[in-house]
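Undergrad: Next up is a structure, given as structure tokens.
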Amino acid sequence: MKNIKIFKKIFLISIILLFYFNNSYAVENKILVKVNNEIITSIDILNEINYLKILNPKIQELNQKRLFEISKNSLIREKVKKINLLKLIDKIYIEEKYLNNLIKKIYKQKNIKSLEDYKLYLKNNNLTYQYIKNKITIERLWNEMIFQKFISKIKINRENVRKEILNNPDEKLLLSEILVPRIKEEELQIKYKQIEMDIKKEGFNNAASIHSISETAAKGGNIGWIEKSSLNKAIRDKLSNLKVGEYTKPIITPSGFLIIKVENKKLNKTSKEDLNKKIERLVRIKTNQQLNQFSNIYLNKLKNNVKINEI
């Protein structure tokens, strides 16, 4: 009986993704997962795959089963956020003017000139504008909630920031990450071997999409350019001897075990910036880093308190 259920699930995944790769067919919309009373359908899975593709094009290199699992897990995280936001607010909504400004920032970062061009870009990637608006709304409300809930716990010593700036070279690092939950040492070694195998087979970015519990997983673990002086000492020390293309062994952090890859390095163009301005800017960066840690920890805690049933 168990083998029959497994076969049915694999068959369903194959059919769904077969239709995904062949747009000439219509997909029957079936409920696949329930997160409390929120549902995830086959259409949701297809839309999420398309969404993740524009965030991390390399994800297309993965096989169908992994694409399905990654998109499913991404949607589960989003549903958990939505469920808990609705415990605090009446509806998932932000003002249209504010939402439009957020969307404008997104398409400007992609060097897309206008909203109409962005809508066309989404259409060409089999996504609707409304789908993107919904995702941005949930993410913004979640970030605002995290800020309100945890900002009082953020502790940053400005004098220590000043010393870090003065004692570290003006260098910026392009980083990617894989964050896994805190687990026992023997379990971590097994998990790390699995991750290393996927890094060798699929590349670091796709391994991040498969294994990472961080919000950056949707972007293939891409953190972006980070000033070396903004990193805490433990991480700076781990990265100090790494060449471009190399990655760390797991680093213990409050939100889990972190593997970081150095994608690139360059001199920091803000090296001549006024010291006080640089301190304030790095304080903001460190604040966001701590809030991201609180967000990961809190989301994984909430996830354990919801019922997730695969149909």
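Every chain in the structure tokens takes a letter, A first, then B, and so on in the order presented; its residues are numbered from 1, and the ligands are numbered from 1 following the presented order.
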What's the 10 Å shell around segment 40-57 of chain A, counting only C-alpha atoms, without same-chain residues fewer than 4 positions away, as a ChimeraX atom specification?
TA: /A:12-13,16-17,19-21,27-35,61,67-76,79,121-122,125-128,131-132,135,205-206,209,216-222,310-311
Undergrad: Let's see if you can do this: from backbone DSSP, list all strand (DSSP E or B) residues in segment 59-283 of chain A, as a PyMOL selection string.
TA: chain A and resi 171-180+222-227+247+251-253+256-267
Undergrad: Identify, on the basis of only C-alpha atoms, every residue whose closest approach to segment 175-180 of chain A does not exceed 6 Å; exclude the query and any residue fewer than 2 positions from it along the same chain; express the result as an mmCIF file with all heavy atoms, in the first residue's frame.
TA:
data_model
loop_
_atom_site.group_PDB
_atom_site.id
_atom_site.type_symbol
_atom_site.label_atom_id
_atom_site.label_comp_id
_atom_site.auth_asym_id
_atom_site.auth_seq_id
_atom_site.Cartn_x
_atom_site.Cartn_y
_atom_site.Cartn_z
ATOM 1 N N LEU A 173 32.403 41.781 -0.683
ATOM 2 C CA LEU A 173 32.337 40.378 -1.079
ATOM 3 C C LEU A 173 30.961 40.074 -1.637
ATOM 4 O O LEU A 173 29.940 40.462 -1.055
ATOM 5 C CB LEU A 173 32.605 39.469 0.125
ATOM 6 C CG LEU A 173 33.907 39.695 0.900
ATOM 7 C CD1 LEU A 173 33.941 38.799 2.130
ATOM 8 C CD2 LEU A 173 35.113 39.426 0.021
ATOM 9 N N ALA A 208 21.519 25.539 -2.765
ATOM 10 C CA ALA A 208 20.854 26.451 -1.825
ATOM 11 C C ALA A 208 19.340 26.361 -1.989
ATOM 12 O O ALA A 208 18.589 26.321 -0.996
ATOM 13 C CB ALA A 208 21.335 27.885 -2.046
ATOM 14 N N SER A 212 18.448 25.072 1.594
ATOM 15 C CA SER A 212 18.473 26.206 2.513
ATOM 16 C C SER A 212 17.085 26.556 3.045
ATOM 17 O O SER A 212 16.091 26.510 2.318
ATOM 18 C CB SER A 212 19.077 27.428 1.820
ATOM 19 O OG SER A 212 19.164 28.512 2.722
ATOM 20 N N ILE A 213 17.038 26.948 4.318
ATOM 21 C CA ILE A 213 15.787 27.417 4.924
ATOM 22 C C ILE A 213 15.753 28.939 4.999
ATOM 23 O O ILE A 213 14.813 29.522 5.525
ATOM 24 C CB ILE A 213 15.589 26.832 6.340
ATOM 25 C CG1 ILE A 213 16.727 27.274 7.274
ATOM 26 C CG2 ILE A 213 15.464 25.314 6.297
ATOM 27 C CD1 ILE A 213 16.496 26.949 8.738
ATOM 28 N N SER A 214 16.771 29.583 4.462
ATOM 29 C CA SER A 214 16.831 31.040 4.478
ATOM 30 C C SER A 214 15.918 31.621 3.410
ATOM 31 O O SER A 214 15.592 30.968 2.418
ATOM 32 C CB SER A 214 18.270 31.515 4.234
ATOM 33 O OG SER A 214 18.312 32.913 4.051
ATOM 34 N N GLY A 221 20.261 31.308 -2.943
ATOM 35 C CA GLY A 221 21.162 31.611 -1.840
ATOM 36 C C GLY A 221 21.902 32.921 -1.985
ATOM 37 O O GLY A 221 22.732 33.269 -1.144
ATOM 38 N N ASN A 222 21.607 33.662 -3.043
ATOM 39 C CA ASN A 222 22.339 34.900 -3.317
ATOM 40 C C ASN A 222 22.060 35.972 -2.266
ATOM 41 O O ASN A 222 20.932 36.424 -2.098
ATOM 42 C CB ASN A 222 21.955 35.418 -4.712
ATOM 43 C CG ASN A 222 22.675 36.707 -5.064
ATOM 44 O OD1 ASN A 222 23.757 36.982 -4.556
ATOM 45 N ND2 ASN A 222 22.078 37.487 -5.933
ATOM 46 N N ILE A 223 23.101 36.398 -1.547
ATOM 47 C CA ILE A 223 22.995 37.462 -0.552
ATOM 48 C C ILE A 223 23.236 38.821 -1.198
ATOM 49 O O ILE A 223 22.625 39.823 -0.846
ATOM 50 C CB ILE A 223 24.012 37.255 0.595
ATOM 51 C CG1 ILE A 223 23.761 35.913 1.299
ATOM 52 C CG2 ILE A 223 23.943 38.403 1.594
ATOM 53 C CD1 ILE A 223 24.824 35.570 2.324
ATOM 54 N N GLY A 224 24.140 38.851 -2.164
ATOM 55 C CA GLY A 224 24.519 40.106 -2.808
ATOM 56 C C GLY A 224 25.870 40.587 -2.313
ATOM 57 O O GLY A 224 26.583 39.871 -1.601
ATOM 58 N N GLY A 256 20.845 28.699 12.717
ATOM 59 C CA GLY A 256 21.189 27.401 12.157
ATOM 60 C C GLY A 256 22.644 27.333 11.726
ATOM 61 O O GLY A 256 23.470 28.159 12.129
ATOM 62 N N PHE A 257 22.963 26.322 10.933
ATOM 63 C CA PHE A 257 24.318 26.159 10.408
ATOM 64 C C PHE A 257 24.403 26.813 9.034
ATOM 65 O O PHE A 257 23.597 26.536 8.148
ATOM 66 C CB PHE A 257 24.688 24.681 10.321
ATOM 67 C CG PHE A 257 24.860 24.025 11.659
ATOM 68 C CD1 PHE A 257 23.825 23.310 12.240
ATOM 69 C CD2 PHE A 257 26.055 24.147 12.356
ATOM 70 C CE1 PHE A 257 23.978 22.706 13.482
ATOM 71 C CE2 PHE A 257 26.227 23.555 13.598
ATOM 72 C CZ PHE A 257 25.180 22.838 14.166
ATOM 73 N N LEU A 258 25.405 27.664 8.868
ATOM 74 C CA LEU A 258 25.519 28.499 7.678
ATOM 75 C C LEU A 258 26.745 28.104 6.854
ATOM 76 O O LEU A 258 27.843 27.974 7.385
ATOM 77 C CB LEU A 258 25.633 29.959 8.103
ATOM 78 C CG LEU A 258 25.571 31.042 7.023
ATOM 79 C CD1 LEU A 258 24.222 31.022 6.315
ATOM 80 C CD2 LEU A 258 25.816 32.404 7.659
ATOM 81 N N ILE A 259 26.532 27.893 5.565
ATOM 82 C CA ILE A 259 27.617 27.653 4.614
ATOM 83 C C ILE A 259 27.637 28.857 3.666
ATOM 84 O O ILE A 259 26.617 29.189 3.069
ATOM 85 C CB ILE A 259 27.389 26.357 3.807
ATOM 86 C CG1 ILE A 259 27.270 25.155 4.753
ATOM 87 C CG2 ILE A 259 28.521 26.132 2.812
ATOM 88 C CD1 ILE A 259 26.721 23.903 4.093
ATOM 89 N N ILE A 260 28.781 29.507 3.553
ATOM 90 C CA ILE A 260 28.873 30.722 2.742
ATOM 91 C C ILE A 260 29.892 30.534 1.630
ATOM 92 O O ILE A 260 30.999 30.048 1.868
ATOM 93 C CB ILE A 260 29.278 31.938 3.598
ATOM 94 C CG1 ILE A 260 28.289 32.145 4.739
ATOM 95 C CG2 ILE A 260 29.343 33.204 2.750
ATOM 96 C CD1 ILE A 260 28.637 33.307 5.642
ATOM 97 N N LYS A 261 29.509 30.945 0.444
ATOM 98 C CA LYS A 261 30.409 30.887 -0.714
ATOM 99 C C LYS A 261 30.803 32.301 -1.130
ATOM 100 O O LYS A 261 29.970 33.210 -1.167
ATOM 101 C CB LYS A 261 29.733 30.194 -1.894
ATOM 102 C CG LYS A 261 30.623 30.099 -3.136
ATOM 103 C CD LYS A 261 29.883 29.496 -4.320
ATOM 104 C CE LYS A 261 30.748 29.475 -5.568
ATOM 105 N NZ LYS A 261 30.019 28.987 -6.756
ATOM 106 N N VAL A 262 32.087 32.486 -1.439
ATOM 107 C CA VAL A 262 32.574 33.756 -1.971
ATOM 108 C C VAL A 262 32.455 33.703 -3.490
ATOM 109 O O VAL A 262 33.195 32.979 -4.156
ATOM 110 C CB VAL A 262 34.038 34.023 -1.552
ATOM 111 C CG1 VAL A 262 34.520 35.338 -2.158
ATOM 112 C CG2 VAL A 262 34.164 34.061 -0.035
ATOM 113 N N GLU A 263 31.512 34.461 -4.030
ATOM 114 C CA GLU A 263 31.283 34.481 -5.479
ATOM 115 C C GLU A 263 32.243 35.431 -6.186
ATOM 116 O O GLU A 263 32.662 35.192 -7.313
ATOM 117 C CB GLU A 263 29.838 34.903 -5.784
ATOM 118 C CG GLU A 263 28.766 34.031 -5.137
ATOM 119 C CD GLU A 263 28.528 32.736 -5.882
ATOM 120 O OE1 GLU A 263 29.243 32.488 -6.876
ATOM 121 O OE2 GLU A 263 27.634 31.977 -5.462
#
Undergrad: Counting only C-alpha atoms, which residue out of A:Glu95, A:Glu139, A:Glu38, A:Glu280 sits closest to Arg158 of chain A?
TA: A:Glu280
Undergrad: Report, in Å to a single decimal, how far apart atom CA of Gln290 of chain A and atom CA of Glu171 of chain A are.
TA: 21.2 Å
Undergrad: Tell me, as JSON, numbers by chain, which residues lie within 12 Å of segment 82-85 of chain A, counting only C-alpha atoms; anything in the same chain fewer than 2 positions away does not count.
TA: {"A": [34, 35, 36, 37, 38, 39, 75, 76, 77, 78, 79, 80, 87, 88, 89, 90, 91, 92, 93, 134, 135, 136, 137, 138, 139, 140, 141, 142, 143, 144, 145, 146, 298, 299, 301, 302, 303, 305, 306, 307]}
Undergrad: Mind checking which residues fall within 12 Å of Asn100 of chain A, counting only C-alpha atoms, ignoring those fewer than 6 positions away in the same chain, and posting them as a compact mmCIF listing (two decimals) with N, CA, C and O atoms, in the first residue's frame?
TA:
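Everything below was put into result30.txt:
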# COMPACT_ATOMS: atom_id res chain seq x y z
N ILE A 94 -1.76 46.18 1.49
CA ILE A 94 -1.02 47.42 1.71
C ILE A 94 -1.49 48.43 0.67
O ILE A 94 -2.01 48.05 -0.38
N ILE A 106 11.66 46.97 -7.82
CA ILE A 106 11.99 45.63 -8.31
C ILE A 106 12.30 45.64 -9.79
O ILE A 106 13.32 45.10 -10.24
N TYR A 107 11.44 46.28 -10.60
CA TYR A 107 11.71 46.22 -12.04
C TYR A 107 12.84 47.15 -12.46
O TYR A 107 13.52 46.90 -13.45
N SER A 114 9.73 50.47 -17.53
CA SER A 114 8.38 50.89 -17.18
C SER A 114 7.56 49.74 -16.63
O SER A 114 7.91 48.56 -16.79
N LEU A 115 6.43 50.08 -16.01
CA LEU A 115 5.53 49.07 -15.48
C LEU A 115 4.96 48.20 -16.59
O LEU A 115 4.84 46.98 -16.43
N TYR A 129 0.69 39.70 -13.24
CA TYR A 129 1.05 40.84 -12.39
C TYR A 129 0.43 40.70 -11.01
O TYR A 129 1.05 41.01 -9.99
N GLN A 130 -0.80 40.19 -10.96
CA GLN A 130 -1.49 40.02 -9.68
C GLN A 130 -0.75 39.02 -8.78
O GLN A 130 -0.67 39.20 -7.56
N ILE A 132 2.45 38.48 -8.64
CA ILE A 132 3.60 39.17 -8.07
C ILE A 132 3.16 40.14 -6.98
O ILE A 132 3.79 40.25 -5.92
N LYS A 133 2.07 40.87 -7.21
CA LYS A 133 1.56 41.81 -6.21
C LYS A 133 1.23 41.09 -4.91
O LYS A 133 1.54 41.58 -3.82
N ILE A 136 4.54 40.10 -3.10
CA ILE A 136 5.22 41.27 -2.53
C ILE A 136 4.48 41.77 -1.30
O ILE A 136 5.10 42.17 -0.29
N THR A 137 3.15 41.75 -1.35
CA THR A 137 2.34 42.21 -0.21
C THR A 137 2.59 41.36 1.02
O THR A 137 2.82 41.88 2.12
Undergrad: Compare A:Val283, A:Leu174, A:Ile154, A:Leu188 by their minimum atom-to-atom distance to Trp225 of chain A, counting only C-alpha atoms, and give me the closest one.
TA: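 Nearest candidate to Trp225 of chain A out of A:Val283, A:Leu174, A:Ile154, A:Leu188: A:Leu174.
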